[in-house]
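The file final.pdb contains PDB, C-alpha atoms, pLDDT in the B column:
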MODEL        1
ATOM      1  CA  MET F  19      17.743 274.323  50.608  1.00 79.00           C
ATOM      2  CA  SER F  20      18.007 272.061  53.664  1.00 85.00           C
ATOM      3  CA  ILE F  21      15.133 270.187  55.249  1.00 86.00           C
ATOM      4  CA  GLU F  22      15.186 269.270  58.921  1.00 87.00           C
ATOM      5  CA  LEU F  23      13.494 265.998  59.821  1.00 84.00           C
ATOM      6  CA  LYS F  24      12.401 265.373  63.375  1.00 82.00           C
ATOM      7  CA  LYS F  25      11.418 261.945  64.666  1.00 83.00           C
ATOM      8  CA  ILE F  26       8.402 262.093  66.954  1.00 81.00           C
ATOM      9  CA  ALA F  27       7.462 259.116  69.100  1.00 83.00           C
ATOM     10  CA  HIS F  28       3.984 257.707  68.490  1.00 87.00           C
ATOM     11  CA  VAL F  29       1.627 258.358  71.381  1.00 90.00           C
ATOM     12  CA  ILE F  30       0.939 254.608  71.764  1.00 92.00           C
ATOM     13  CA  ASP F  31       4.681 253.983  72.200  1.00 93.00           C
ATOM     14  CA  GLU F  32       4.868 256.812  74.753  1.00 95.00           C
ATOM     15  CA  GLN F  33       1.905 255.383  76.618  1.00 95.00           C
ATOM     16  CA  HIS F  34       3.399 251.890  76.604  1.00 96.00           C
ATOM     17  CA  ALA F  35       6.637 253.167  78.163  1.00 96.00           C
ATOM     18  CA  ALA F  36       4.685 255.142  80.782  1.00 96.00           C
ATOM     19  CA  GLU F  37       2.516 252.107  81.585  1.00 96.00           C
ATOM     20  CA  GLU F  38       5.523 249.794  81.951  1.00 96.00           C
ATOM     21  CA  LYS F  39       7.142 252.246  84.367  1.00 96.00           C
ATOM     22  CA  MET F  40       3.897 252.579  86.301  1.00 95.00           C
ATOM     23  CA  LEU F  41       3.425 248.812  86.578  1.00 95.00           C
ATOM     24  CA  ARG F  42       6.986 248.422  87.877  1.00 95.00           C
ATOM     25  CA  GLU F  43       6.326 251.061  90.517  1.00 95.00           C
ATOM     26  CA  CYS F  44       3.132 249.263  91.539  1.00 94.00           C
ATOM     27  CA  LYS F  45       4.825 245.883  91.879  1.00 92.00           C
ATOM     28  CA  GLU F  46       7.939 247.192  93.637  1.00 93.00           C
ATOM     29  CA  GLY F  47       5.941 248.950  96.343  1.00 90.00           C
ATOM     30  CA  LYS F  48       3.740 247.497  99.060  1.00 90.00           C
ATOM     31  CA  PHE F  49       0.518 249.380  98.421  1.00 95.00           C
ATOM     32  CA  CYS F  50      -2.597 248.689 100.458  1.00 94.00           C
ATOM     33  CA  ILE F  51      -5.980 250.367 100.885  1.00 94.00           C
ATOM     34  CA  ASP F  52      -4.548 252.619 103.613  1.00 95.00           C
ATOM     35  CA  ALA F  53      -1.557 253.674 101.492  1.00 95.00           C
ATOM     36  CA  PRO F  54      -2.431 253.227  97.795  1.00 96.00           C
ATOM     37  CA  TYR F  55      -0.398 254.129  94.725  1.00 97.00           C
ATOM     38  CA  VAL F  56      -1.868 257.151  92.948  1.00 97.00           C
ATOM     39  CA  LYS F  57      -0.768 258.317  89.491  1.00 97.00           C
ATOM     40  CA  LEU F  58      -2.328 261.428  88.004  1.00 97.00           C
ATOM     41  CA  ASN F  59      -2.698 261.477  84.203  1.00 97.00           C
ATOM     42  CA  PRO F  60      -1.200 257.986  83.876  1.00 97.00           C
ATOM     43  CA  TYR F  61      -1.488 257.862  80.081  1.00 97.00           C
ATOM     44  CA  ILE F  62      -0.111 261.351  79.443  1.00 95.00           C
ATOM     45  CA  ILE F  63      -3.002 262.796  77.434  1.00 95.00           C
ATOM     46  CA  ALA F  64      -5.920 263.059  79.920  1.00 97.00           C
ATOM     47  CA  PRO F  65      -4.946 265.332  82.846  1.00 97.00           C
ATOM     48  CA  LEU F  66      -8.230 264.902  84.751  1.00 98.00           C
ATOM     49  CA  THR F  67      -7.783 261.159  85.189  1.00 98.00           C
ATOM     50  CA  ALA F  68      -5.778 259.042  87.610  1.00 98.00           C
ATOM     51  CA  LEU F  69      -4.912 255.441  88.398  1.00 97.00           C
ATOM     52  CA  VAL F  70      -5.189 254.091  91.942  1.00 97.00           C
ATOM     53  CA  TYR F  71      -3.498 250.778  92.770  1.00 97.00           C
ATOM     54  CA  PHE F  72      -3.388 248.619  95.898  1.00 96.00           C
ATOM     55  CA  THR F  73      -3.591 244.986  96.917  1.00 95.00           C
ATOM     56  CA  THR F  74      -5.855 243.202  99.360  1.00 95.00           C
ATOM     57  CA  PRO F  75      -5.187 239.905 101.192  1.00 94.00           C
ATOM     58  CA  GLU F  76      -8.388 238.405  99.811  1.00 94.00           C
ATOM     59  CA  GLU F  77     -10.411 239.017  96.675  1.00 95.00           C
ATOM     60  CA  THR F  78     -12.966 241.777  97.094  1.00 95.00           C
ATOM     61  CA  GLU F  79     -14.948 244.210  95.015  1.00 96.00           C
ATOM     62  CA  ALA F  80     -14.022 247.887  94.975  1.00 96.00           C
ATOM     63  CA  SER F  81     -15.766 251.135  94.130  1.00 96.00           C
ATOM     64  CA  ILE F  82     -14.652 254.728  93.768  1.00 96.00           C
ATOM     65  CA  LEU F  83     -16.584 257.918  94.421  1.00 97.00           C
ATOM     66  CA  VAL F  84     -15.332 261.208  92.991  1.00 97.00           C
ATOM     67  CA  THR F  85     -17.022 263.736  95.241  1.00 96.00           C
ATOM     68  CA  GLY F  86     -18.719 266.568  93.388  1.00 95.00           C
ATOM     69  CA  LYS F  87     -18.613 270.215  94.372  1.00 95.00           C
ATOM     70  CA  GLU F  88     -22.214 269.508  95.296  1.00 94.00           C
ATOM     71  CA  LYS F  89     -23.987 266.173  95.730  1.00 94.00           C
ATOM     72  CA  ALA F  90     -25.335 266.134  92.178  1.00 93.00           C
ATOM     73  CA  GLY F  91     -21.762 266.261  90.861  1.00 93.00           C
ATOM     74  CA  ASP F  92     -20.750 262.946  92.443  1.00 95.00           C
ATOM     75  CA  MET F  93     -19.382 260.338  90.028  1.00 94.00           C
ATOM     76  CA  SER F  94     -19.038 256.709  91.055  1.00 94.00           C
ATOM     77  CA  PHE F  95     -17.379 253.669  89.482  1.00 93.00           C
ATOM     78  CA  SER F  96     -17.534 249.995  90.456  1.00 94.00           C
ATOM     79  CA  PHE F  97     -14.935 247.309  89.782  1.00 95.00           C
ATOM     80  CA  PRO F  98     -15.022 243.494  89.870  1.00 93.00           C
ATOM     81  CA  THR F  99     -13.557 241.215  92.514  1.00 95.00           C
ATOM     82  CA  ALA F 100      -9.744 241.136  92.638  1.00 95.00           C
ATOM     83  CA  LYS F 101      -6.682 241.073  94.872  1.00 95.00           C
ATOM     84  CA  ASP F 102      -4.663 243.411  92.660  1.00 95.00           C
ATOM     85  CA  HIS F 103      -6.782 246.517  92.230  1.00 96.00           C
ATOM     86  CA  TYR F 104      -5.982 248.823  89.291  1.00 96.00           C
ATOM     87  CA  LEU F 105      -8.726 251.416  89.541  1.00 96.00           C
ATOM     88  CA  PRO F 106      -9.074 254.046  86.794  1.00 96.00           C
ATOM     89  CA  VAL F 107     -10.423 257.373  88.020  1.00 96.00           C
ATOM     90  CA  SER F 108     -12.053 259.923  85.740  1.00 95.00           C
ATOM     91  CA  GLY F 109     -14.328 262.896  86.320  1.00 96.00           C
ATOM     92  CA  LEU F 110     -11.846 264.940  88.343  1.00 98.00           C
ATOM     93  CA  TYR F 111     -12.278 268.719  88.427  1.00 97.00           C
ATOM     94  CA  GLU F 112      -9.553 270.955  86.983  1.00 97.00           C
ATOM     95  CA  GLY F 113      -7.547 273.170  89.336  1.00 96.00           C
ATOM     96  CA  TYR F 114      -9.073 271.499  92.372  1.00 97.00           C
ATOM     97  CA  ASP F 115      -8.341 269.351  95.417  1.00 98.00           C
ATOM     98  CA  ASN F 116     -10.543 266.436  94.417  1.00 98.00           C
ATOM     99  CA  GLN F 117     -11.879 264.223  97.178  1.00 97.00           C
ATOM    100  CA  VAL F 118     -11.974 260.569  96.141  1.00 97.00           C
ATOM    101  CA  GLU F 119     -13.342 257.795  98.334  1.00 97.00           C
ATOM    102  CA  ILE F 120     -12.489 254.114  97.854  1.00 97.00           C
ATOM    103  CA  THR F 121     -14.834 251.514  99.327  1.00 96.00           C
ATOM    104  CA  LEU F 122     -14.137 247.766  99.385  1.00 96.00           C
ATOM    105  CA  GLY F 123     -16.667 244.966  99.447  1.00 93.00           C
ATOM    106  CA  ASN F 124     -15.581 244.129 103.007  1.00 89.00           C
ATOM    107  CA  GLY F 125     -16.503 247.641 104.155  1.00 91.00           C
ATOM    108  CA  ALA F 126     -12.990 249.112 104.330  1.00 93.00           C
ATOM    109  CA  LYS F 127     -12.758 252.726 103.158  1.00 94.00           C
ATOM    110  CA  LYS F 128     -10.041 255.208 102.244  1.00 96.00           C
ATOM    111  CA  SER F 129     -10.353 258.886 101.368  1.00 96.00           C
ATOM    112  CA  LEU F 130      -7.826 260.483  99.026  1.00 96.00           C
ATOM    113  CA  THR F 131      -7.134 264.004  97.844  1.00 97.00           C
ATOM    114  CA  ILE F 132      -6.055 264.216  94.202  1.00 97.00           C
ATOM    115  CA  LYS F 133      -4.926 267.705  93.237  1.00 98.00           C
ATOM    116  CA  THR F 134      -5.174 268.726  89.591  1.00 97.00           C
ATOM    117  CA  ASP F 135      -3.747 271.682  87.680  1.00 97.00           C
ATOM    118  CA  LYS F 136      -5.931 274.327  86.118  1.00 97.00           C
ATOM    119  CA  ALA F 137      -6.871 273.541  82.531  1.00 96.00           C
ATOM    120  CA  PRO F 138      -5.106 275.582  79.829  1.00 94.00           C
ATOM    121  CA  GLU F 139      -6.894 278.351  77.934  1.00 92.00           C
ATOM    122  CA  SER F 140      -7.262 275.974  74.985  1.00 91.00           C
ATOM    123  CA  VAL F 141      -9.916 274.171  77.048  1.00 93.00           C
ATOM    124  CA  HIS F 142     -12.836 276.483  76.370  1.00 90.00           C
ATOM    125  CA  MET F 143     -15.372 277.078  79.107  1.00 90.00           C
ATOM    126  CA  PRO F 144     -19.038 277.049  78.087  1.00 90.00           C
ATOM    127  CA  SER F 145     -20.820 280.385  78.200  1.00 90.00           C
ATOM    128  CA  LYS F 146     -24.170 278.664  78.716  1.00 89.00           C
ATOM    129  CA  ILE F 147     -25.407 275.178  79.465  1.00 90.00           C
ATOM    130  CA  GLU F 148     -29.006 274.057  79.877  1.00 91.00           C
ATOM    131  CA  THR F 149     -29.461 270.591  81.315  1.00 91.00           C
ATOM    132  CA  THR F 150     -30.041 268.898  84.660  1.00 92.00           C
ATOM    133  CA  PRO F 151     -28.122 266.299  86.666  1.00 91.00           C
ATOM    134  CA  GLU F 152     -31.199 264.070  86.423  1.00 93.00           C
ATOM    135  CA  TYR F 153     -31.082 264.156  82.632  1.00 93.00           C
ATOM    136  CA  LEU F 154     -27.332 263.505  82.396  1.00 90.00           C
ATOM    137  CA  ALA F 155     -27.517 260.813  85.108  1.00 88.00           C
ATOM    138  CA  GLY F 156     -23.816 260.993  85.935  1.00 85.00           C
ATOM    139  CA  ASN F 157     -22.737 261.327  82.304  1.00 89.00           C
ATOM    140  CA  VAL F 158     -20.899 264.230  80.694  1.00 93.00           C
ATOM    141  CA  VAL F 159     -21.252 266.220  77.479  1.00 92.00           C
ATOM    142  CA  PHE F 160     -18.260 265.893  75.151  1.00 91.00           C
ATOM    143  CA  VAL F 161     -17.403 268.793  72.856  1.00 89.00           C
ATOM    144  CA  SER F 162     -14.890 268.309  70.053  1.00 85.00           C
ATOM    145  CA  PRO F 163     -14.074 271.698  68.485  1.00 78.00           C
ATOM    146  CA  THR F 164     -13.147 272.188  64.849  1.00 69.00           C
ATOM    147  CA  SER F 165     -11.217 275.337  65.727  1.00 67.00           C
ATOM    148  CA  PRO F 166      -8.103 275.457  67.919  1.00 75.00           C
ATOM    149  CA  GLY F 167      -9.032 273.978  71.250  1.00 82.00           C
ATOM    150  CA  ASN F 168      -9.048 270.785  73.275  1.00 89.00           C
ATOM    151  CA  THR F 169     -11.736 268.132  73.157  1.00 91.00           C
ATOM    152  CA  ALA F 170     -13.333 268.282  76.600  1.00 93.00           C
ATOM    153  CA  ALA F 171     -16.246 266.932  78.626  1.00 94.00           C
ATOM    154  CA  TYR F 172     -18.534 269.048  80.801  1.00 96.00           C
ATOM    155  CA  ASP F 173     -20.972 268.127  83.532  1.00 95.00           C
ATOM    156  CA  TYR F 174     -24.468 269.505  84.143  1.00 94.00           C
ATOM    157  CA  LYS F 175     -23.039 272.762  85.568  1.00 93.00           C
ATOM    158  CA  GLY F 176     -20.522 273.289  82.793  1.00 94.00           C
ATOM    159  CA  ASP F 177     -17.559 272.248  84.915  1.00 95.00           C
ATOM    160  CA  VAL F 178     -14.770 270.533  82.973  1.00 96.00           C
ATOM    161  CA  ARG F 179     -14.502 266.891  84.097  1.00 97.00           C
ATOM    162  CA  TRP F 180     -12.257 265.567  81.296  1.00 96.00           C
ATOM    163  CA  TYR F 181     -10.082 266.952  78.531  1.00 95.00           C
ATOM    164  CA  GLY F 182      -7.443 265.645  76.162  1.00 93.00           C
ATOM    165  CA  THR F 183      -4.119 267.258  75.359  1.00 92.00           C
ATOM    166  CA  LEU F 184      -3.917 265.898  71.806  1.00 88.00           C
ATOM    167  CA  ASN F 185      -5.656 267.768  69.017  1.00 81.00           C
ATOM    168  CA  PHE F 186      -8.373 265.147  68.624  1.00 82.00           C
ATOM    169  CA  ALA F 187     -10.532 265.803  65.591  1.00 74.00           C
ATOM    170  CA  PHE F 188     -14.256 265.997  65.021  1.00 74.00           C
ATOM    171  CA  ASP F 189     -16.810 263.329  65.809  1.00 79.00           C
ATOM    172  CA  LEU F 190     -16.735 261.170  68.914  1.00 86.00           C
ATOM    173  CA  LYS F 191     -18.717 257.992  69.584  1.00 90.00           C
ATOM    174  CA  ARG F 192     -19.067 255.756  72.616  1.00 90.00           C
ATOM    175  CA  VAL F 193     -18.970 252.023  71.889  1.00 91.00           C
ATOM    176  CA  LYS F 194     -20.442 249.047  73.746  1.00 92.00           C
ATOM    177  CA  ASN F 195     -17.252 248.273  75.687  1.00 91.00           C
ATOM    178  CA  GLY F 196     -17.406 251.728  77.289  1.00 88.00           C
ATOM    179  CA  ARG F 197     -14.512 253.181  75.314  1.00 93.00           C
ATOM    180  CA  ILE F 198     -14.742 256.050  72.868  1.00 91.00           C
ATOM    181  CA  LEU F 199     -13.863 256.350  69.192  1.00 91.00           C
ATOM    182  CA  ILE F 200     -12.409 259.669  68.116  1.00 88.00           C
ATOM    183  CA  GLY F 201     -10.471 261.054  65.164  1.00 83.00           C
ATOM    184  CA  THR F 202      -6.713 261.291  65.640  1.00 81.00           C
ATOM    185  CA  GLN F 203      -4.536 264.376  65.605  1.00 79.00           C
ATOM    186  CA  ARG F 204      -2.640 263.240  62.486  1.00 76.00           C
ATOM    187  CA  LEU F 205      -2.874 266.174  60.095  1.00 72.00           C
ATOM    188  CA  ARG F 206      -2.539 265.233  56.430  1.00 75.00           C
ATOM    189  CA  MET F 207      -3.405 268.549  54.827  1.00 76.00           C
ATOM    190  CA  PRO F 208      -4.241 271.988  56.264  1.00 73.00           C
ATOM    191  CA  PRO F 209      -6.501 273.315  57.533  1.00 69.00           C
ATOM    192  CA  TYR F 210      -8.258 270.305  59.062  1.00 70.00           C
ATOM    193  CA  HIS F 211      -7.843 267.152  56.975  1.00 74.00           C
ATOM    194  CA  THR F 212      -6.818 264.427  59.429  1.00 74.00           C
ATOM    195  CA  THR F 213      -6.705 260.648  59.193  1.00 76.00           C
ATOM    196  CA  GLY F 214      -7.284 257.721  61.501  1.00 81.00           C
ATOM    197  CA  ILE F 215      -9.384 256.805  64.519  1.00 88.00           C
ATOM    198  CA  PHE F 216      -8.351 256.056  68.103  1.00 91.00           C
ATOM    199  CA  GLU F 217     -10.192 253.625  70.353  1.00 94.00           C
ATOM    200  CA  MET F 218      -9.536 255.099  73.763  1.00 94.00           C
ATOM    201  CA  GLY F 219     -10.579 254.486  77.348  1.00 94.00           C
ATOM    202  CA  MET F 220     -11.803 257.330  79.533  1.00 93.00           C
ATOM    203  CA  ILE F 221      -8.514 257.185  81.440  1.00 95.00           C
ATOM    204  CA  GLY F 222      -6.794 258.224  78.204  1.00 95.00           C
ATOM    205  CA  LYS F 223      -5.297 254.865  77.242  1.00 96.00           C
ATOM    206  CA  ILE F 224      -5.329 254.289  73.500  1.00 94.00           C
ATOM    207  CA  TYR F 225      -6.019 250.636  72.641  1.00 94.00           C
ATOM    208  CA  LYS F 226      -6.168 250.729  68.837  1.00 91.00           C
TER     209      LYS F 226
ENDMDL
END
Would you mind writing the structure in this file as structure tokens?
Amino acid sequence: MSIELKKIAHVIDEQHAAEEKMLRECKEGKFCIDAPYVKLNPYIIAPLTALVYFTTPEETEASILVTGKEKAGDMSFSFPTAKDHYLPVSGLYEGYDNQVEITLGNGAKKSLTIKTDKAPESVHMPSKIETTPEYLAGNVVFVSPTSPGNTAAYDYKGDVRWYGTLNFAFDLKRVKNGRILIGTQRLRMPPYHTTGIFEMGMIGKIYK
């Protein structure tokens, strides 16, 4: 009997290589607020996220608005003063031409369209959701299935605003630094015995 062994790169190594390539592209180009660098799914495992990069002559604050399908679906993010602006974007809709507006502290603005693919069938759509935008206050509801399916986040209307492509397992917690802790996809024994925890940013970058 022969056994075939296949070496699979660790997701952190894959992300590191993708990040290094992305940073080179940012530095080699001359990206400004009027012509920023935009990378969809920069860390490979979160298709409804993006990274926007540009430089400004002087240090300034920046903010991003992901425009909702209606006003209540707007999601906004603020970033500290900088000249090199690496702005993570999350909360994009699946299968949609997302309108994203960048605003600088000096009043300059730029509108972008970030087009996303439709989520796969393994991202399950809710059959019913009972909440209000006032209650969620710009947050999302994460669902981590124990059956085949992708961990995903839904807004007050049940629209998917985040999902992961790895088979993340079970419980998910948000920690004080804004990142999330979630079980890894490393299966030790069928049907569902996994091991390990990822500390991950909303943009999909795994830190630990």
Evaluated on this file, the PyMOL selection byres ((chain F and resi 178-190) around 9) picks out some residues - which ones are they, written as an NGL selection string? :F and (62-67 or 108-112 or 137 or 141 or 143 or 158 or 160-164 or 166-173 or 175-177 or 191-192 or 198-204 or 210 or 212 or 220 or 222)
Step by step, work through what the PyMOL selection byres ((chain F and resi 35-39) around 12) selects in the shown file, and finish by giving those residues as number ranges by chain. F: 27-34, 40-46, 57-63, 69, 104, 222-224
Quick check, in Å to one decimal: how far apart do atom CA of F:Leu122 and atom CA of F:Ile51 lie?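 These two atoms are separated by 8.7 Å.
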Just checking: using only C-alpha atoms, which residue out of F:Glu88, F:Asp52, F:Asp102, F:Asp135 ends up closest to F:Glu76? F:Asp102
How far is it from atom CA of F:Thr99 to atom CA of F:Ala80, in Å with one decimal?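 If I compute the distance from atom CA of F:Thr99 to atom CA of F:Ala80, I get 7.1 Å.
Taking atom CA of F:Arg197 and atom CA of F:Ile221 as endpoints, the distance between them is 9.5 Å.
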Please write as a list in words the full residue list that the PyMOL selection byres ((chain F and resi 121) around 12) yields on this file.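 For this structure, the PyMOL selection byres ((chain F and resi 121) around 12) resolves to Ile51, Asp52, Thr78, Glu79, Ala80, Ser81, Ile82, Leu83, Val84, Ser94, Phe95, Ser96, Phe97, His103, Leu105, Val118, Glu119, Ile120, Leu122, Gly123, Asn124, Gly125, Ala126, Lys127, Lys128, Ser129 and Leu130 of chain F.
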Could you model N, CA, C and O atoms for stretch 188-213 of chain F and present them as a PDB file, in the coordinates of the input?
ATOM      1  N   PHE F 188     -12.877 266.240  65.434  1.00 74.00           N
ATOM      2  CA  PHE F 188     -14.256 265.997  65.021  1.00 74.00           C
ATOM      3  C   PHE F 188     -15.009 264.964  65.856  1.00 74.00           C
ATOM      4  O   PHE F 188     -14.879 264.913  67.055  1.00 74.00           O
ATOM      5  N   ASP F 189     -15.771 264.124  65.158  1.00 79.00           N
ATOM      6  CA  ASP F 189     -16.810 263.329  65.809  1.00 79.00           C
ATOM      7  C   ASP F 189     -16.260 262.358  66.845  1.00 79.00           C
ATOM      8  O   ASP F 189     -15.132 261.871  66.746  1.00 79.00           O
ATOM      9  N   LEU F 190     -17.091 262.075  67.828  1.00 86.00           N
ATOM     10  CA  LEU F 190     -16.735 261.170  68.914  1.00 86.00           C
ATOM     11  C   LEU F 190     -17.920 260.265  69.185  1.00 86.00           C
ATOM     12  O   LEU F 190     -19.056 260.725  69.241  1.00 86.00           O
ATOM     13  N   LYS F 191     -17.652 258.961  69.320  1.00 90.00           N
ATOM     14  CA  LYS F 191     -18.717 257.992  69.584  1.00 90.00           C
ATOM     15  C   LYS F 191     -18.310 257.107  70.755  1.00 90.00           C
ATOM     16  O   LYS F 191     -17.141 256.743  70.893  1.00 90.00           O
ATOM     17  N   ARG F 192     -19.303 256.733  71.567  1.00 90.00           N
ATOM     18  CA  ARG F 192     -19.067 255.756  72.616  1.00 90.00           C
ATOM     19  C   ARG F 192     -19.498 254.386  72.107  1.00 90.00           C
ATOM     20  O   ARG F 192     -20.553 254.252  71.497  1.00 90.00           O
ATOM     21  N   VAL F 193     -18.666 253.363  72.370  1.00 91.00           N
ATOM     22  CA  VAL F 193     -18.970 252.023  71.889  1.00 91.00           C
ATOM     23  C   VAL F 193     -19.372 251.124  73.058  1.00 91.00           C
ATOM     24  O   VAL F 193     -19.286 251.512  74.222  1.00 91.00           O
ATOM     25  N   LYS F 194     -19.825 249.905  72.744  1.00 92.00           N
ATOM     26  CA  LYS F 194     -20.442 249.047  73.746  1.00 92.00           C
ATOM     27  C   LYS F 194     -19.503 248.681  74.888  1.00 92.00           C
ATOM     28  O   LYS F 194     -19.945 248.405  75.999  1.00 92.00           O
ATOM     29  N   ASN F 195     -18.190 248.634  74.625  1.00 91.00           N
ATOM     30  CA  ASN F 195     -17.252 248.273  75.687  1.00 91.00           C
ATOM     31  C   ASN F 195     -16.928 249.445  76.615  1.00 91.00           C
ATOM     32  O   ASN F 195     -16.070 249.330  77.494  1.00 91.00           O
ATOM     33  N   GLY F 196     -17.601 250.580  76.416  1.00 88.00           N
ATOM     34  CA  GLY F 196     -17.406 251.728  77.289  1.00 88.00           C
ATOM     35  C   GLY F 196     -16.332 252.692  76.836  1.00 88.00           C
ATOM     36  O   GLY F 196     -16.196 253.791  77.385  1.00 88.00           O
ATOM     37  N   ARG F 197     -15.561 252.299  75.834  1.00 93.00           N
ATOM     38  CA  ARG F 197     -14.512 253.181  75.314  1.00 93.00           C
ATOM     39  C   ARG F 197     -15.111 254.166  74.310  1.00 93.00           C
ATOM     40  O   ARG F 197     -16.290 254.109  73.990  1.00 93.00           O
ATOM     41  N   ILE F 198     -14.274 255.077  73.839  1.00 91.00           N
ATOM     42  CA  ILE F 198     -14.742 256.050  72.868  1.00 91.00           C
ATOM     43  C   ILE F 198     -13.905 255.963  71.597  1.00 91.00           C
ATOM     44  O   ILE F 198     -12.722 255.606  71.633  1.00 91.00           O
ATOM     45  N   LEU F 199     -14.537 256.244  70.481  1.00 91.00           N
ATOM     46  CA  LEU F 199     -13.863 256.350  69.192  1.00 91.00           C
ATOM     47  C   LEU F 199     -13.779 257.825  68.837  1.00 91.00           C
ATOM     48  O   LEU F 199     -14.778 258.543  68.913  1.00 91.00           O
ATOM     49  N   ILE F 200     -12.582 258.263  68.450  1.00 88.00           N
ATOM     50  CA  ILE F 200     -12.409 259.669  68.116  1.00 88.00           C
ATOM     51  C   ILE F 200     -11.330 259.811  67.052  1.00 88.00           C
ATOM     52  O   ILE F 200     -10.382 259.005  67.002  1.00 88.00           O
ATOM     53  N   GLY F 201     -11.476 260.803  66.191  1.00 83.00           N
ATOM     54  CA  GLY F 201     -10.471 261.054  65.164  1.00 83.00           C
ATOM     55  C   GLY F 201      -9.136 261.434  65.771  1.00 83.00           C
ATOM     56  O   GLY F 201      -9.064 262.094  66.806  1.00 83.00           O
ATOM     57  N   THR F 202      -8.059 261.017  65.126  1.00 81.00           N
ATOM     58  CA  THR F 202      -6.713 261.291  65.640  1.00 81.00           C
ATOM     59  C   THR F 202      -6.284 262.715  65.316  1.00 81.00           C
ATOM     60  O   THR F 202      -6.960 263.447  64.591  1.00 81.00           O
ATOM     61  N   GLN F 203      -5.112 263.050  65.834  1.00 79.00           N
ATOM     62  CA  GLN F 203      -4.536 264.376  65.605  1.00 79.00           C
ATOM     63  C   GLN F 203      -3.631 264.400  64.375  1.00 79.00           C
ATOM     64  O   GLN F 203      -2.971 265.407  64.113  1.00 79.00           O
ATOM     65  N   ARG F 204      -3.591 263.328  63.594  1.00 76.00           N
ATOM     66  CA  ARG F 204      -2.640 263.240  62.486  1.00 76.00           C
ATOM     67  C   ARG F 204      -3.102 264.090  61.295  1.00 76.00           C
ATOM     68  O   ARG F 204      -3.969 263.688  60.522  1.00 76.00           O
ATOM     69  N   LEU F 205      -2.515 265.231  61.161  1.00 72.00           N
ATOM     70  CA  LEU F 205      -2.874 266.174  60.095  1.00 72.00           C
ATOM     71  C   LEU F 205      -2.227 265.746  58.785  1.00 72.00           C
ATOM     72  O   LEU F 205      -1.017 265.578  58.706  1.00 72.00           O
ATOM     73  N   ARG F 206      -3.046 265.582  57.750  1.00 75.00           N
ATOM     74  CA  ARG F 206      -2.539 265.233  56.430  1.00 75.00           C
ATOM     75  C   ARG F 206      -2.444 266.442  55.519  1.00 75.00           C
ATOM     76  O   ARG F 206      -1.565 266.535  54.679  1.00 75.00           O
ATOM     77  N   MET F 207      -3.396 267.370  55.685  1.00 76.00           N
ATOM     78  CA  MET F 207      -3.405 268.549  54.827  1.00 76.00           C
ATOM     79  C   MET F 207      -4.145 269.669  55.558  1.00 76.00           C
ATOM     80  O   MET F 207      -5.240 269.454  56.071  1.00 76.00           O
ATOM     81  N   PRO F 208      -3.551 270.860  55.626  1.00 73.00           N
ATOM     82  CA  PRO F 208      -4.241 271.988  56.264  1.00 73.00           C
ATOM     83  C   PRO F 208      -5.518 272.329  55.496  1.00 73.00           C
ATOM     84  O   PRO F 208      -5.587 272.079  54.283  1.00 73.00           O
ATOM     85  N   PRO F 209      -6.551 272.905  56.127  1.00 69.00           N
ATOM     86  CA  PRO F 209      -6.501 273.315  57.533  1.00 69.00           C
ATOM     87  C   PRO F 209      -6.950 272.248  58.522  1.00 69.00           C
ATOM     88  O   PRO F 209      -6.640 272.327  59.691  1.00 69.00           O
ATOM     89  N   TYR F 210      -7.698 271.229  58.069  1.00 70.00           N
ATOM     90  CA  TYR F 210      -8.258 270.305  59.062  1.00 70.00           C
ATOM     91  C   TYR F 210      -8.392 268.871  58.563  1.00 70.00           C
ATOM     92  O   TYR F 210      -9.169 268.091  59.113  1.00 70.00           O
ATOM     93  N   HIS F 211      -7.704 268.501  57.522  1.00 74.00           N
ATOM     94  CA  HIS F 211      -7.843 267.152  56.975  1.00 74.00           C
ATOM     95  C   HIS F 211      -6.942 266.188  57.749  1.00 74.00           C
ATOM     96  O   HIS F 211      -5.725 266.194  57.583  1.00 74.00           O
ATOM     97  N   THR F 212      -7.563 265.381  58.607  1.00 74.00           N
ATOM     98  CA  THR F 212      -6.818 264.427  59.429  1.00 74.00           C
ATOM     99  C   THR F 212      -7.199 263.007  59.025  1.00 74.00           C
ATOM    100  O   THR F 212      -8.125 262.791  58.260  1.00 74.00           O
ATOM    101  N   THR F 213      -6.452 262.037  59.550  1.00 76.00           N
ATOM    102  CA  THR F 213      -6.705 260.648  59.193  1.00 76.00           C
ATOM    103  C   THR F 213      -6.613 259.764  60.426  1.00 76.00           C
ATOM    104  O   THR F 213      -5.850 260.056  61.358  1.00 76.00           O
TER     105      THR F 213
END
